[in-house]
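Dropping work-v3.pdb in here (PDB, C-alpha atoms):
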ATOM      1  CA  MET Q  12       0.756   0.021  33.470  1.00  0.00           C
ATOM      2  CA  ARG Q  13       3.976  -1.969  33.060  1.00  0.00           C
ATOM      3  CA  ASN Q  14       1.974  -5.079  32.118  1.00  0.00           C
ATOM      4  CA  ILE Q  15      -0.002  -3.142  29.531  1.00  0.00           C
ATOM      5  CA  MET Q  16       3.198  -1.806  27.965  1.00  0.00           C
ATOM      6  CA  LEU Q  17       4.720  -5.303  27.959  1.00  0.00           C
ATOM      7  CA  PHE Q  18       1.586  -6.747  26.350  1.00  0.00           C
ATOM      8  CA  ALA Q  19       1.570  -3.986  23.716  1.00  0.00           C
ATOM      9  CA  ALA Q  20       5.238  -4.597  22.886  1.00  0.00           C
ATOM     10  CA  VAL Q  21       4.646  -8.343  22.519  1.00  0.00           C
ATOM     11  CA  ALA Q  22       1.553  -7.748  20.359  1.00  0.00           C
ATOM     12  CA  ILE Q  23       3.429  -5.363  18.076  1.00  0.00           C
ATOM     13  CA  GLY Q  24       6.343  -7.785  17.789  1.00  0.00           C
ATOM     14  CA  LEU Q  25       4.020 -10.654  16.965  1.00  0.00           C
ATOM     15  CA  GLY Q  26       2.197  -8.529  14.380  1.00  0.00           C
ATOM     16  CA  LEU Q  27       5.454  -7.565  12.668  1.00  0.00           C
ATOM     17  CA  PHE Q  28       6.574 -11.201  12.638  1.00  0.00           C
ATOM     18  CA  MET Q  29       3.267 -12.265  11.058  1.00  0.00           C
ATOM     19  CA  LEU Q  30       3.519  -9.534   8.392  1.00  0.00           C
ATOM     20  CA  GLN Q  31       7.077 -10.565   7.517  1.00  0.00           C
ATOM     21  CA  THR Q  32       6.071 -14.225   7.304  1.00  0.00           C
ATOM     22  CA  ALA Q  33       3.101 -13.425   5.046  1.00  0.00           C
ATOM     23  CA  ASP Q  34       5.276 -11.210   2.843  1.00  0.00           C
ATOM     24  CA  ARG Q  35       7.931 -13.940   2.594  1.00  0.00           C
ATOM     25  CA  LYS Q  36       5.310 -16.553   1.596  1.00  0.00           C
ATOM     26  CA  MET Q  37       3.839 -14.216  -1.001  1.00  0.00           C
ATOM     27  CA  SER Q  38       7.308 -13.511  -2.431  1.00  0.00           C
ATOM     28  CA  LEU Q  39       7.997 -17.252  -2.720  1.00  0.00           C
ATOM     29  CA  ALA Q  40       4.633 -17.824  -4.410  1.00  0.00           C
ATOM     30  CA  MET Q  41       5.315 -14.987  -6.853  1.00  0.00           C
ATOM     31  CA  ALA Q  42       8.760 -16.383  -7.672  1.00  0.00           C
ATOM     32  CA  LYS Q  43       7.282 -19.811  -8.508  1.00  0.00           C
ATOM     33  CA  ALA Q  44       4.418 -18.444 -10.611  1.00  0.00           C
ATOM     34  CA  PRO Q  45       4.986 -17.769 -14.316  1.00  0.00           C
ATOM     35  CA  ALA Q  46       5.508 -14.108 -15.238  1.00  0.00           C
ATOM     36  CA  GLN Q  47       2.568 -12.352 -16.882  1.00  0.00           C
ATOM     37  CA  GLN Q  48       2.170  -9.145 -18.802  1.00  0.00           C
ATOM     38  CA  SER Q  49       0.693  -6.183 -16.959  1.00  0.00           C
ATOM     39  CA  ALA Q  50      -3.079  -6.096 -17.296  1.00  0.00           C
ATOM     40  CA  PRO Q  51      -5.780  -3.689 -16.200  1.00  0.00           C
ATOM     41  CA  VAL Q  52      -7.619  -4.249 -12.946  1.00  0.00           C
ATOM     42  CA  GLN Q  53     -10.303  -6.894 -13.401  1.00  0.00           C
ATOM     43  CA  PRO Q  54     -13.451  -6.847 -11.226  1.00  0.00           C
ATOM     44  CA  VAL Q  55     -14.277 -10.214  -9.646  1.00  0.00           C
ATOM     45  CA  ALA Q  56     -18.021 -10.865  -9.447  1.00  0.00           C
ATOM     46  CA  GLN Q  57     -19.506 -11.849  -6.072  1.00  0.00           C
ATOM     47  CA  PRO Q  58     -22.821 -10.647  -4.715  1.00  0.00           C
ATOM     48  CA  GLY Q  59     -22.408  -7.854  -2.140  1.00  0.00           C
ATOM     49  CA  VAL Q  60     -18.595  -7.916  -2.388  1.00  0.00           C
ATOM     50  CA  ARG Q  61     -16.401  -5.523  -4.326  1.00  0.00           C
ATOM     51  CA  SER Q  62     -13.275  -7.220  -5.550  1.00  0.00           C
ATOM     52  CA  ILE Q  63     -10.515  -6.586  -8.070  1.00  0.00           C
ATOM     53  CA  SER Q  64      -7.769  -8.741  -9.488  1.00  0.00           C
ATOM     54  CA  ILE Q  65      -4.367  -7.336 -10.472  1.00  0.00           C
ATOM     55  CA  ALA Q  66      -2.006  -9.261 -12.748  1.00  0.00           C
ATOM     56  CA  ARG Q  67       1.766  -9.103 -12.331  1.00  0.00           C
ATOM     57  CA  ASP Q  68       3.739  -6.923 -14.718  1.00  0.00           C
ATOM     58  CA  ALA Q  69       6.840  -8.044 -16.624  1.00  0.00           C
ATOM     59  CA  ARG Q  70       9.004  -7.301 -13.539  1.00  0.00           C
ATOM     60  CA  GLY Q  71       6.796  -9.478 -11.326  1.00  0.00           C
ATOM     61  CA  HIS Q  72       5.252  -6.493  -9.528  1.00  0.00           C
ATOM     62  CA  PHE Q  73       1.608  -5.644  -9.065  1.00  0.00           C
ATOM     63  CA  GLN Q  74       0.972  -2.255 -10.667  1.00  0.00           C
ATOM     64  CA  THR Q  75      -2.404  -0.555 -10.614  1.00  0.00           C
ATOM     65  CA  ASP Q  76      -3.983   2.824 -11.106  1.00  0.00           C
ATOM     66  CA  GLY Q  77      -5.871   4.493  -8.325  1.00  0.00           C
ATOM     67  CA  ARG Q  78      -7.381   7.811  -7.374  1.00  0.00           C
ATOM     68  CA  ILE Q  79      -6.696  10.017  -4.401  1.00  0.00           C
ATOM     69  CA  ASP Q  80      -9.345  12.633  -3.812  1.00  0.00           C
ATOM     70  CA  GLY Q  81     -10.313  12.197  -7.472  1.00  0.00           C
ATOM     71  CA  GLN Q  82      -6.783  12.542  -8.912  1.00  0.00           C
ATOM     72  CA  ARG Q  83      -5.520   9.562 -10.909  1.00  0.00           C
ATOM     73  CA  MET Q  84      -2.083   8.114 -10.157  1.00  0.00           C
ATOM     74  CA  GLY Q  85      -0.173   4.859 -10.456  1.00  0.00           C
ATOM     75  CA  PHE Q  86       0.792   2.574  -7.581  1.00  0.00           C
ATOM     76  CA  MET Q  87       2.902  -0.487  -6.987  1.00  0.00           C
ATOM     77  CA  VAL Q  88       1.260  -2.749  -4.402  1.00  0.00           C
ATOM     78  CA  ASP Q  89       3.758  -3.255  -1.563  1.00  0.00           C
ATOM     79  CA  THR Q  90       2.697  -5.470   1.337  1.00  0.00           C
ATOM     80  CA  GLY Q  91       6.025  -4.679   2.990  1.00  0.00           C
ATOM     81  CA  ALA Q  92       5.199  -0.960   3.214  1.00  0.00           C
ATOM     82  CA  SER Q  93       3.361  -0.123   6.424  1.00  0.00           C
ATOM     83  CA  VAL Q  94       1.706   2.945   4.880  1.00  0.00           C
ATOM     84  CA  VAL Q  95       0.857   4.355   1.477  1.00  0.00           C
ATOM     85  CA  ALA Q  96       3.967   6.183   0.254  1.00  0.00           C
ATOM     86  CA  LEU Q  97       3.784   8.997  -2.283  1.00  0.00           C
ATOM     87  CA  ASN Q  98       6.443  11.069  -3.972  1.00  0.00           C
ATOM     88  CA  GLU Q  99       6.106  14.859  -3.774  1.00  0.00           C
ATOM     89  CA  LYS Q 100       4.955  15.224  -7.386  1.00  0.00           C
ATOM     90  CA  SER Q 101       2.036  12.830  -6.869  1.00  0.00           C
ATOM     91  CA  ALA Q 102       1.051  14.354  -3.516  1.00  0.00           C
ATOM     92  CA  ALA Q 103       0.953  17.810  -5.121  1.00  0.00           C
ATOM     93  CA  LYS Q 104      -1.690  16.539  -7.590  1.00  0.00           C
ATOM     94  CA  PHE Q 105      -4.244  16.478  -4.787  1.00  0.00           C
ATOM     95  CA  GLY Q 106      -3.019  19.543  -2.932  1.00  0.00           C
ATOM     96  CA  GLN Q 107      -0.533  18.033  -0.468  1.00  0.00           C
ATOM     97  CA  ARG Q 108       2.659  20.096  -0.530  1.00  0.00           C
ATOM     98  CA  PRO Q 109       4.468  19.504   2.760  1.00  0.00           C
ATOM     99  CA  ARG Q 110       6.823  22.222   3.969  1.00  0.00           C
ATOM    100  CA  GLU Q 111      10.393  21.320   4.830  1.00  0.00           C
ATOM    101  CA  SER Q 112       9.489  21.447   8.532  1.00  0.00           C
ATOM    102  CA  ASP Q 113       6.792  18.749   7.959  1.00  0.00           C
ATOM    103  CA  TYR Q 114       9.420  16.118   7.140  1.00  0.00           C
ATOM    104  CA  THR Q 115       9.712  14.798  10.686  1.00  0.00           C
ATOM    105  CA  ALA Q 116       9.248  11.039  10.228  1.00  0.00           C
ATOM    106  CA  THR Q 117      12.278   8.838   9.643  1.00  0.00           C
ATOM    107  CA  VAL Q 118      11.611   6.067   7.130  1.00  0.00           C
ATOM    108  CA  SER Q 119      13.803   3.078   6.282  1.00  0.00           C
ATOM    109  CA  THR Q 120      13.771   2.256   2.584  1.00  0.00           C
ATOM    110  CA  ALA Q 121      15.728  -0.107   0.354  1.00  0.00           C
ATOM    111  CA  ASN Q 122      17.967   2.882  -0.419  1.00  0.00           C
ATOM    112  CA  GLY Q 123      18.581   3.839   3.203  1.00  0.00           C
ATOM    113  CA  THR Q 124      16.997   6.150   5.757  1.00  0.00           C
ATOM    114  CA  ILE Q 125      15.060   9.219   4.610  1.00  0.00           C
ATOM    115  CA  LYS Q 126      12.836  11.904   6.130  1.00  0.00           C
ATOM    116  CA  ALA Q 127       9.134  11.864   5.224  1.00  0.00           C
ATOM    117  CA  ALA Q 128       6.055  13.949   5.954  1.00  0.00           C
ATOM    118  CA  ARG Q 129       2.998  12.280   7.482  1.00  0.00           C
ATOM    119  CA  ILE Q 130      -0.363  12.995   5.837  1.00  0.00           C
ATOM    120  CA  ARG Q 131      -3.884  11.575   5.893  1.00  0.00           C
ATOM    121  CA  ILE Q 132      -5.737  10.847   2.678  1.00  0.00           C
ATOM    122  CA  ALA Q 133      -9.480  11.471   2.873  1.00  0.00           C
ATOM    123  CA  ARG Q 134     -10.461   9.073   0.075  1.00  0.00           C
ATOM    124  CA  MET Q 135      -8.548   6.514  -1.992  1.00  0.00           C
ATOM    125  CA  GLU Q 136      -9.961   4.392  -4.786  1.00  0.00           C
ATOM    126  CA  VAL Q 137      -8.488   1.400  -6.563  1.00  0.00           C
ATOM    127  CA  GLY Q 138     -10.933   0.096  -9.130  1.00  0.00           C
ATOM    128  CA  GLU Q 139     -14.276  -0.190  -7.336  1.00  0.00           C
ATOM    129  CA  LEU Q 140     -12.638  -0.277  -3.885  1.00  0.00           C
ATOM    130  CA  ILE Q 141     -12.990   2.894  -1.813  1.00  0.00           C
ATOM    131  CA  VAL Q 142     -11.092   3.455   1.450  1.00  0.00           C
ATOM    132  CA  ARG Q 143     -11.332   6.568   3.609  1.00  0.00           C
ATOM    133  CA  ASP Q 144      -8.928   8.147   6.123  1.00  0.00           C
ATOM    134  CA  VAL Q 145      -5.742   6.464   4.960  1.00  0.00           C
ATOM    135  CA  ASP Q 146      -2.433   7.218   6.678  1.00  0.00           C
ATOM    136  CA  ALA Q 147       0.331   8.023   4.198  1.00  0.00           C
ATOM    137  CA  MET Q 148       3.827   9.458   3.899  1.00  0.00           C
ATOM    138  CA  VAL Q 149       5.191  11.912   1.363  1.00  0.00           C
ATOM    139  CA  LEU Q 150       8.819  11.277   0.404  1.00  0.00           C
ATOM    140  CA  PRO Q 151      11.090  13.451  -1.728  1.00  0.00           C
ATOM    141  CA  ASP Q 152      10.809  12.676  -5.447  1.00  0.00           C
ATOM    142  CA  GLU Q 153      14.423  11.499  -5.605  1.00  0.00           C
ATOM    143  CA  ALA Q 154      13.785   8.970  -2.813  1.00  0.00           C
ATOM    144  CA  LEU Q 155      10.657   7.378  -4.289  1.00  0.00           C
ATOM    145  CA  SER Q 156      10.267   6.712  -8.008  1.00  0.00           C
ATOM    146  CA  GLU Q 157       6.910   4.903  -7.696  1.00  0.00           C
ATOM    147  CA  ASN Q 158       4.016   5.417  -5.320  1.00  0.00           C
ATOM    148  CA  LEU Q 159       3.459   2.469  -2.992  1.00  0.00           C
ATOM    149  CA  LEU Q 160       0.079   1.059  -2.032  1.00  0.00           C
ATOM    150  CA  GLY Q 161       0.925  -0.105   1.477  1.00  0.00           C
ATOM    151  CA  LEU Q 162      -0.817  -1.686   4.437  1.00  0.00           C
ATOM    152  CA  SER Q 163      -2.536   1.501   5.620  1.00  0.00           C
ATOM    153  CA  PHE Q 164      -4.802   0.969   2.568  1.00  0.00           C
ATOM    154  CA  LEU Q 165      -4.660  -2.828   2.281  1.00  0.00           C
ATOM    155  CA  SER Q 166      -5.441  -3.481   5.961  1.00  0.00           C
ATOM    156  CA  LYS Q 167      -8.770  -1.650   5.597  1.00  0.00           C
ATOM    157  CA  LEU Q 168      -9.923  -4.184   3.020  1.00  0.00           C
ATOM    158  CA  ARG Q 169     -11.802  -7.355   3.828  1.00  0.00           C
ATOM    159  CA  ARG Q 170      -8.886  -9.395   2.458  1.00  0.00           C
ATOM    160  CA  PHE Q 171      -6.045  -9.427  -0.025  1.00  0.00           C
ATOM    161  CA  GLU Q 172      -4.325 -12.526  -1.344  1.00  0.00           C
ATOM    162  CA  TYR Q 173      -2.183 -13.916  -4.101  1.00  0.00           C
ATOM    163  CA  ALA Q 174      -4.156 -16.510  -6.066  1.00  0.00           C
ATOM    164  CA  ASN Q 175      -3.845 -18.011  -9.548  1.00  0.00           C
ATOM    165  CA  GLY Q 176      -1.027 -15.672 -10.520  1.00  0.00           C
ATOM    166  CA  LYS Q 177      -2.928 -12.526  -9.517  1.00  0.00           C
ATOM    167  CA  LEU Q 178      -3.313 -10.311  -6.495  1.00  0.00           C
ATOM    168  CA  VAL Q 179      -6.940 -10.203  -5.361  1.00  0.00           C
ATOM    169  CA  LEU Q 180      -8.182  -7.283  -3.263  1.00  0.00           C
ATOM    170  CA  GLU Q 181     -11.632  -7.591  -1.699  1.00  0.00           C
ATOM    171  CA  GLN Q 182     -13.827  -5.144   0.190  1.00  0.00           C
TER     172      GLN Q 182
END

Encoded form using structure tokens:
Amino acid sequence: MRNIMLFAAVAIGLGLFMLQTADRKMSLAMAKAPAQQSAPVQPVAQPGVRSISIARDARGHFQTDGRIDGQRMGFMVDTGASVVALNEKSAAKFGQRPRESDYTATVSTANGTIKAARIRIARMEVGELIVRDVDAMVLPDEALSENLLGLSFLSKLRRFEYANGKLVLEQ
């Protein structure tokens, strides 16, 4: 049992290191690429593969619209976020209204530590991409100005990469 726990700890540590390295490389690539105006999601044609391409906005971020259980909302793609993060107003659009007692998770953000409520999203869509059973967190509106499309969505895709000044998501 001790060996299993040790192996799990090493695997988690290695995974976190790899995510940080990938995020750092993507940040460097974004900094070197010329800034572009925000553009709508563009499908990328490949037989049998659903793919979208998202251009950077004026701030250098990747903004896109998506749907949760049919309700439209905006997201900023954040490869540094381990889960999809929603503010309370957005979560209420699709019927998620956590009670105060549901805020049991402690989350570290750029603005400090905050309490969040864990939820599961039955169906998320971004362009033609559809992902089911997505782990997410609801944060107070004052703690999260934009919804984040994190790794709990992105990791269920076939791949995601920064190429030619755009973020490509493929399923």

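Of note, CA of Pro109 in chain Q and CA of Glu139 in chain Q are spaced 29.0 Å apart.
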
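One distance worth recording is that between CA of Glu136 in chain Q and CA of Thr115 in chain Q, which is 27.1 Å.
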
Give the answer as one residue: which of Q:Lys100, Q:Arg83, Q:Arg129, Q:Arg169 has the shortest atom-to-atom distance to Leu155 in chain Q, using all atoms listed in the file?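 Smallest distance to Leu155 in chain Q is found for Q:Lys100.
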
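The nearest approach to Asp68 in chain Q among the residues Q:Gly176, Q:Phe105, Q:Thr90, Q:Gln182, with all atoms listed in the file taken into account, belongs to Q:Gly176.
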
Do you know which residues the PyMOL selection byres ((chain Q and resi 85) around 6) returns on this file, as a PDB file with C-alpha atoms, keeping the file's coordinate frame?
ATOM      1  CA  THR Q  75      -2.404  -0.555 -10.614  1.00  0.00           C
ATOM      2  CA  ASP Q  76      -3.983   2.824 -11.106  1.00  0.00           C
ATOM      3  CA  MET Q  84      -2.083   8.114 -10.157  1.00  0.00           C
ATOM      4  CA  PHE Q  86       0.792   2.574  -7.581  1.00  0.00           C
TER       5      PHE Q  86
END

Picked residues, the PyMOL selection byres ((chain Q and resi 127) around 8), as a PyMOL selection string: chain Q and resi 113-118+125-126+128-129+148-151

I'd like the residues picked by the PyMOL selection byres ((chain Q and resi 91-96) around 6) written out as an NGL selection string, using the chain letters and numbers from the file. :Q and (89-90 or 97 or 147-149 or 158-163)

So what do you get for CA of Leu178 in chain Q versus CA of Ile65 in chain Q, distance-wise?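 Computing the Euclidean distance for CA of Leu178 in chain Q and CA of Ile65 in chain Q yields 5.1 Å.
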
May I have the residues within 7 Å of Met135 in chain Q as a CSV table (one decimal) with C-alpha atoms, keeping the file's coordinate frame, using all atoms listed in the file and disregarding those fewer than 6 positions away in the same chain?
chain,number,residue,atom,x,y,z
Q,78,ARG,CA,-7.4,7.8,-7.4
Q,79,ILE,CA,-6.7,10.0,-4.4
Q,80,ASP,CA,-9.3,12.6,-3.8
Q,141,ILE,CA,-13.0,2.9,-1.8
Q,142,VAL,CA,-11.1,3.5,1.4
Q,143,ARG,CA,-11.3,6.6,3.6

Could you name the residues that touch Val179 in chain Q at 12 Å or less, counting all atoms listed in the file, but leaving out those on the same chain fewer than 4 positions away, as a list in words?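 Answer for this query is Val52, Gln53, Pro54, Val55, Ala56, Arg61, Ser62, Ile63, Ser64, Ile65, Ala66, Arg67, Phe73, Thr75, Val88, Val137, Gly138, Leu140, Leu165, Leu168, Arg169, Arg170, Phe171, Glu172, Tyr173, Ala174 and Asn175 of chain Q.
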